[in-house]
Amino acid sequence: MDDACALRITLLSRPALLSCVRRTVEAWCSLTGCAEAELAAVGLAMDEAIANIIRHGYDNSPDGSIEIEFHRDGPTVQFTLTDNARQVPLESICSRPLDEVRPGGLGVYLMKETMDEAVWSHRPEGGMQLILRKTMATSPEVTMREHDVR
Amino acid sequence: MSADHTFAVHVESTDVAAIVRPVGDVDLSSSPMLRTSLEQAIAQSKPRTIVDLTSVGYMDSSGVATLVEGLQRTRRADSAFLLCGMSDRVLSIFQISRLDAIFTIADTLDAALGTDT
C-alpha cells in the first residue's frame with residue numbers, strides 16, 4: 001500500500017457524522033482521479049458500513065468508537081474499519097433477496113455491489129473489523145498528475 | 001450537532017396529492033424526519049402521495065427503506081405513491097437495488113401530478 005496517501009480518522013457512532021465521512025472519503029478518493037460515479041459508489045459503501053456499525057454493532061448508542069484507515073495502492077483503495085462493538089455472527093452478515101420488497105436489509109448488498117471486496121472478521125481483542133477494497137478505473141490524467149508531483 | 005441544521009422536509013397538498021419535499025442528504029441521520037413527514041402526508045388520504053426528490057443530492061439505504069415503507073402504506077390504503085425529480089446519483093441506488101421497477105418514478109413534479117396510475 002502507498003503510505004503517502006494513508007489517512008486515519010476516528011469518529012463516534014453518531015449518524016450526524018455520516019455526511020462528513022462521505023465527503024472525506026470522496027475527497028480522498030478523488031486523489032486517484034477516478035470518475036464521479038466511482039466516488040459516489042465508494043461514498044455509499046462507506047456510509048452503509050458505518051451505518052451498519054452504528055445500528056447493529058453499537059445498537060444506536062452514540063458513544064461508540066469507529067476507526068477508519070484509508071490506504072491506496074495505485075488505483076486500488078482500501079478502507080479498514082474497526083470498532084469495539086458487539087461481535088455479530090459473521091454468517092448473519094448477508095443481503096436479503098432483492099425480490100423481497102420490504103424496508104431494510106439492503107446495506108450489505110450495496111456494500112458488496114459497489115466495492116470489489118467486503119470482508120468482515122472478529123477482532124481477537126473484541127469488536128469487529130471490515131475491509132472494503134475497490135480498484136478504480138483511473139484516467140490518463142492521474143498518471144500525469146502523479147508524475148507532476150514527483 | 002444535529003442533522004436538523006442541514007435537512008428539512010416540506011409537505012404541501014393539492015386536491016389530488018400530498019407532496020413531500022425533502023431538502024438535503026437522506027441518510028441514517030435524516031431518514032427518521034422523512035419518515036415522520038411521509039406518515040403525515042399519507043394520513044391526508046389523498047389519491048396520490050408524491051415525494052419530490054429534486055433537492056436531495058444523496059440517499060442511502062435508510063432513505064430507500066423509508067420510501068419502501070411509504071409505498072407499502074399507500075398500497076394498503078389503495079392510493080398511489082410516486083417519486084420524482086431524482087438526480088442520477090439518487091436514481092442509481094434504486095437501480096442497484098432493483099427498486100426502480102417497483103416504484104413509479106416520474107422525471108418532474110408536473111409529470112408526477114399528471115401521471116396516470
# chains A, B, ... in the order shown; residues from 1 in each chain; ligands from 1
call {"tool": "select_by_dssp", "arguments": {"residues": "chain A", "states": "strand (DSSP E)", "output": "VMD selection string"}}
result
chain A and resid 2 to 12 65 to 73 76 to 83 117 to 122 128 to 135
call {"tool": "interface_residues", "arguments": {"of": "chain B", "to": "chain A", "cutoff": "8 Å", "atoms": "only C-alpha atoms", "output": "list of chain:residue names"}}
result
B:Met1, B:Ser2, B:Ala3, B:Asp25, B:Asp27, B:Leu28, B:Ser29, B:Asp60, B:Ser61, B:Ser62, B:Val64, B:Ala65, B:Thr66, B:Val68, B:Glu69, B:Arg89, B:Ile96, B:Ser97, B:Arg98
call {"tool": "residues_around", "arguments": {"residues": "Leu83 (chain B)", "least_positions_apart": "5", "cutoff": "12 Å", "atoms": "only C-alpha atoms", "output": "short mmCIF file (atom, residue, chain, number, x, y, z; two decimals) with N, CA and C atoms, in the first residue's frame"}}
result
data_model
loop_
_atom_site.label_atom_id
_atom_site.label_comp_id
_atom_site.auth_asym_id
_atom_site.auth_seq_id
_atom_site.Cartn_x
_atom_site.Cartn_y
_atom_site.Cartn_z
N ALA B 18 -50.71 14.71 -1.94
CA ALA B 18 -49.86 15.23 -0.87
C ALA B 18 -48.43 15.17 -1.40
N ILE B 19 -47.72 16.29 -1.31
CA ILE B 19 -46.38 16.37 -1.89
C ILE B 19 -45.36 16.56 -0.78
N VAL B 20 -44.39 15.65 -0.72
CA VAL B 20 -43.34 15.68 0.30
C VAL B 20 -42.05 16.09 -0.39
N ARG B 21 -41.42 17.16 0.13
CA ARG B 21 -40.19 17.66 -0.50
C ARG B 21 -39.04 17.66 0.52
N PRO B 22 -38.27 16.60 0.58
CA PRO B 22 -37.07 16.63 1.44
C PRO B 22 -35.99 17.52 0.81
N ARG B 48 -53.03 10.41 -4.28
CA ARG B 48 -51.62 10.08 -4.50
C ARG B 48 -50.70 10.83 -3.54
N THR B 49 -49.63 10.18 -3.19
CA THR B 49 -48.56 10.81 -2.40
C THR B 49 -47.34 10.89 -3.30
N ILE B 50 -46.78 12.09 -3.40
CA ILE B 50 -45.62 12.30 -4.28
C ILE B 50 -44.43 12.75 -3.43
N VAL B 51 -43.30 12.09 -3.62
CA VAL B 51 -42.07 12.53 -2.96
C VAL B 51 -41.19 13.19 -4.02
N ASP B 52 -41.03 14.50 -3.91
CA ASP B 52 -40.24 15.27 -4.87
C ASP B 52 -38.79 15.33 -4.37
N LEU B 53 -37.91 14.63 -5.06
CA LEU B 53 -36.52 14.47 -4.62
C LEU B 53 -35.57 15.45 -5.33
N THR B 54 -36.14 16.50 -5.89
CA THR B 54 -35.32 17.46 -6.64
C THR B 54 -34.18 18.04 -5.81
N VAL B 56 -32.67 16.61 -3.21
CA VAL B 56 -31.93 15.56 -2.49
C VAL B 56 -30.72 15.16 -3.34
N VAL B 64 -33.98 4.75 1.31
CA VAL B 64 -34.73 3.84 0.44
C VAL B 64 -35.74 3.05 1.27
N LEU B 67 -38.76 5.05 2.01
CA LEU B 67 -39.66 5.17 0.86
C LEU B 67 -40.40 3.85 0.60
N VAL B 68 -39.74 2.73 0.84
CA VAL B 68 -40.43 1.44 0.70
C VAL B 68 -41.58 1.35 1.71
N GLY B 70 -43.26 3.85 2.84
CA GLY B 70 -44.32 4.72 2.31
C GLY B 70 -45.10 4.04 1.20
N LEU B 71 -44.37 3.35 0.32
CA LEU B 71 -45.02 2.62 -0.77
C LEU B 71 -45.97 1.58 -0.21
N VAL B 90 -29.04 9.68 -7.01
CA VAL B 90 -30.10 9.08 -6.20
C VAL B 90 -30.75 7.93 -6.97
N LEU B 91 -30.97 8.14 -8.25
CA LEU B 91 -31.57 7.08 -9.06
C LEU B 91 -30.71 5.82 -9.05
N PHE B 94 -31.51 3.16 -6.50
CA PHE B 94 -32.72 2.40 -6.81
C PHE B 94 -32.43 1.37 -7.90
N LEU B 99 -34.96 -1.51 -7.34
CA LEU B 99 -36.25 -0.99 -6.88
C LEU B 99 -36.82 0.03 -7.87
N ASP B 100 -36.06 0.35 -8.91
CA ASP B 100 -36.57 1.31 -9.90
C ASP B 100 -37.77 0.72 -10.65
N ALA B 101 -37.88 -0.61 -10.64
CA ALA B 101 -39.03 -1.23 -11.31
C ALA B 101 -40.23 -1.36 -10.37
N ILE B 102 -40.00 -1.15 -9.08
CA ILE B 102 -41.07 -1.30 -8.10
C ILE B 102 -41.80 0.04 -7.89
N PHE B 103 -41.03 1.12 -7.88
CA PHE B 103 -41.62 2.45 -7.67
C PHE B 103 -42.07 3.04 -9.01
N THR B 104 -43.07 3.91 -8.93
CA THR B 104 -43.42 4.74 -10.09
C THR B 104 -42.56 6.00 -9.99
N ILE B 105 -41.70 6.19 -10.97
CA ILE B 105 -40.74 7.28 -10.95
C ILE B 105 -41.00 8.21 -12.13
N ALA B 106 -41.28 9.47 -11.82
CA ALA B 106 -41.50 10.48 -12.86
C ALA B 106 -40.30 11.41 -12.92
N ASP B 107 -40.09 12.01 -14.08
CA ASP B 107 -38.95 12.93 -14.21
C ASP B 107 -39.15 14.19 -13.38
N THR B 108 -40.34 14.73 -13.42
CA THR B 108 -40.60 16.02 -12.78
C THR B 108 -41.87 15.96 -11.93
N LEU B 109 -42.04 16.96 -11.09
CA LEU B 109 -43.25 17.03 -10.27
C LEU B 109 -44.48 17.18 -11.15
N ASP B 110 -44.38 17.99 -12.20
CA ASP B 110 -45.52 18.15 -13.11
C ASP B 110 -45.93 16.80 -13.70
N ALA B 111 -44.92 16.03 -14.08
CA ALA B 111 -45.22 14.71 -14.65
C ALA B 111 -45.86 13.82 -13.59
N ALA B 112 -45.38 13.90 -12.36
CA ALA B 112 -45.95 13.07 -11.29
C ALA B 112 -47.40 13.47 -11.01
N LEU B 113 -47.67 14.74 -11.07
CA LEU B 113 -49.04 15.21 -10.82
C LEU B 113 -49.98 14.79 -11.94
N THR B 115 -49.38 12.00 -13.91
CA THR B 115 -49.19 10.61 -14.27
C THR B 115 -50.44 9.80 -13.98
#
call {"tool": "select_by_dssp", "arguments": {"residues": "chain B", "states": "alpha helix (DSSP H)", "output": "PyMOL selection string"}}
result
chain B and resi 31-42+61-76+88-96+109-114
call {"tool": "write_last_selection", "arguments": {"atoms": "N, CA and C atoms", "output": "compact mmCIF listing (two decimals), in the first residue's frame"}}
result
# COMPACT_ATOMS: atom_id res chain seq x y z
N SER B 31 -33.28 10.26 7.83
CA SER B 31 -34.43 9.47 7.38
C SER B 31 -35.57 9.40 8.40
N PRO B 32 -35.31 9.46 9.72
CA PRO B 32 -36.46 9.49 10.65
C PRO B 32 -37.36 10.71 10.43
N MET B 33 -36.76 11.86 10.08
CA MET B 33 -37.57 13.05 9.83
C MET B 33 -38.40 12.87 8.56
N LEU B 34 -37.79 12.26 7.55
CA LEU B 34 -38.53 11.98 6.32
C LEU B 34 -39.68 11.01 6.60
N ARG B 35 -39.42 10.01 7.43
CA ARG B 35 -40.45 9.03 7.76
C ARG B 35 -41.65 9.70 8.42
N THR B 36 -41.39 10.59 9.38
CA THR B 36 -42.47 11.30 10.07
C THR B 36 -43.29 12.14 9.09
N SER B 37 -42.60 12.84 8.20
CA SER B 37 -43.31 13.68 7.23
C SER B 37 -44.12 12.83 6.25
N LEU B 38 -43.55 11.71 5.86
CA LEU B 38 -44.28 10.81 4.96
C LEU B 38 -45.55 10.29 5.62
N GLU B 39 -45.43 9.92 6.88
CA GLU B 39 -46.61 9.43 7.61
C GLU B 39 -47.69 10.50 7.65
N GLN B 40 -47.28 11.75 7.89
CA GLN B 40 -48.24 12.85 7.93
C GLN B 40 -48.90 13.05 6.56
N ALA B 41 -48.09 12.96 5.53
CA ALA B 41 -48.62 13.16 4.17
C ALA B 41 -49.60 12.05 3.81
N ILE B 42 -49.23 10.81 4.10
CA ILE B 42 -50.09 9.67 3.75
C ILE B 42 -51.39 9.72 4.55
N SER B 61 -29.39 3.55 2.05
CA SER B 61 -30.42 2.51 2.17
C SER B 61 -31.46 2.83 3.22
N SER B 62 -31.11 3.66 4.21
CA SER B 62 -32.13 4.02 5.21
C SER B 62 -33.21 4.91 4.57
N GLY B 63 -32.80 5.76 3.62
CA GLY B 63 -33.77 6.56 2.89
C GLY B 63 -34.62 5.70 1.98
N VAL B 64 -33.98 4.75 1.31
CA VAL B 64 -34.73 3.84 0.44
C VAL B 64 -35.74 3.05 1.27
N ALA B 65 -35.31 2.57 2.44
CA ALA B 65 -36.21 1.80 3.31
C ALA B 65 -37.42 2.65 3.72
N THR B 66 -37.17 3.92 3.99
CA THR B 66 -38.27 4.82 4.37
C THR B 66 -39.28 4.95 3.23
N LEU B 67 -38.76 5.05 2.01
CA LEU B 67 -39.66 5.17 0.86
C LEU B 67 -40.40 3.85 0.60
N VAL B 68 -39.74 2.73 0.84
CA VAL B 68 -40.43 1.44 0.70
C VAL B 68 -41.58 1.35 1.71
N GLU B 69 -41.33 1.82 2.92
CA GLU B 69 -42.41 1.86 3.92
C GLU B 69 -43.58 2.69 3.42
N GLY B 70 -43.26 3.85 2.84
CA GLY B 70 -44.32 4.72 2.31
C GLY B 70 -45.10 4.04 1.20
N LEU B 71 -44.37 3.35 0.32
CA LEU B 71 -45.02 2.62 -0.77
C LEU B 71 -45.97 1.58 -0.21
N GLN B 72 -45.52 0.85 0.80
CA GLN B 72 -46.36 -0.21 1.36
C GLN B 72 -47.60 0.36 2.06
N ARG B 73 -47.41 1.49 2.76
CA ARG B 73 -48.55 2.12 3.43
C ARG B 73 -49.60 2.57 2.42
N THR B 74 -49.16 3.19 1.33
CA THR B 74 -50.13 3.67 0.34
C THR B 74 -50.80 2.51 -0.38
N ARG B 75 -50.07 1.44 -0.58
CA ARG B 75 -50.70 0.26 -1.21
C ARG B 75 -51.82 -0.27 -0.34
N ARG B 76 -51.56 -0.31 0.97
CA ARG B 76 -52.61 -0.79 1.89
C ARG B 76 -53.82 0.14 1.87
N ASP B 88 -29.20 11.67 -10.96
CA ASP B 88 -28.63 10.39 -11.39
C ASP B 88 -28.08 9.61 -10.20
N ARG B 89 -27.49 10.35 -9.24
CA ARG B 89 -26.88 9.69 -8.09
C ARG B 89 -27.93 9.00 -7.23
N VAL B 90 -29.04 9.68 -7.01
CA VAL B 90 -30.10 9.08 -6.20
C VAL B 90 -30.75 7.93 -6.97
N LEU B 91 -30.97 8.14 -8.25
CA LEU B 91 -31.57 7.08 -9.06
C LEU B 91 -30.71 5.82 -9.05
N SER B 92 -29.40 5.99 -8.99
CA SER B 92 -28.51 4.83 -9.09
C SER B 92 -28.72 3.84 -7.95
N ILE B 93 -29.05 4.33 -6.76
CA ILE B 93 -29.24 3.39 -5.64
C ILE B 93 -30.50 2.56 -5.85
N PHE B 94 -31.51 3.16 -6.50
CA PHE B 94 -32.72 2.40 -6.81
C PHE B 94 -32.43 1.37 -7.90
N GLN B 95 -31.56 1.76 -8.83
CA GLN B 95 -31.22 0.82 -9.91
C GLN B 95 -30.36 -0.33 -9.38
N ILE B 96 -29.38 0.01 -8.52
CA ILE B 96 -28.52 -1.04 -7.97
C ILE B 96 -29.35 -2.05 -7.18
N LEU B 109 -42.04 16.96 -11.09
CA LEU B 109 -43.25 17.03 -10.27
C LEU B 109 -44.48 17.18 -11.15
N ASP B 110 -44.38 17.99 -12.20
CA ASP B 110 -45.52 18.15 -13.11
C ASP B 110 -45.93 16.80 -13.70
N ALA B 111 -44.92 16.03 -14.08
CA ALA B 111 -45.22 14.71 -14.65
C ALA B 111 -45.86 13.82 -13.59
N ALA B 112 -45.38 13.90 -12.36
CA ALA B 112 -45.95 13.07 -11.29
C ALA B 112 -47.40 13.47 -11.01
N LEU B 113 -47.67 14.74 -11.07
CA LEU B 113 -49.04 15.21 -10.82
C LEU B 113 -49.98 14.79 -11.94
N GLY B 114 -49.41 14.59 -13.14
CA GLY B 114 -50.25 14.23 -14.27
C GLY B 114 -50.17 12.78 -14.65
call {"tool": "closest_residue", "arguments": {"among": "A:Gly57, A:Gly33, A:Pro124, A:Pro62", "to": "Ala85 (chain A)", "atoms": "only C-alpha atoms"}}
result
A:Gly57
call {"tool": "closest_residue", "arguments": {"among": "A:Ile68, A:Cys94, A:Val21, A:Leu11", "to": "Thr80 (chain A)", "atoms": "only C-alpha atoms"}}
result
A:Ile68
call {"tool": "closest_residue", "arguments": {"among": "A:Ile66, A:Val25, A:Ala137, A:Leu81", "to": "Val119 (chain A)", "atoms": "only C-alpha atoms"}}
result
A:Leu81
call {"tool": "atom_distance", "arguments": {"atom1": "CA of Thr6 (chain B)", "atom2": "CA of Asn60 (chain A)"}}
result
20.8 Å
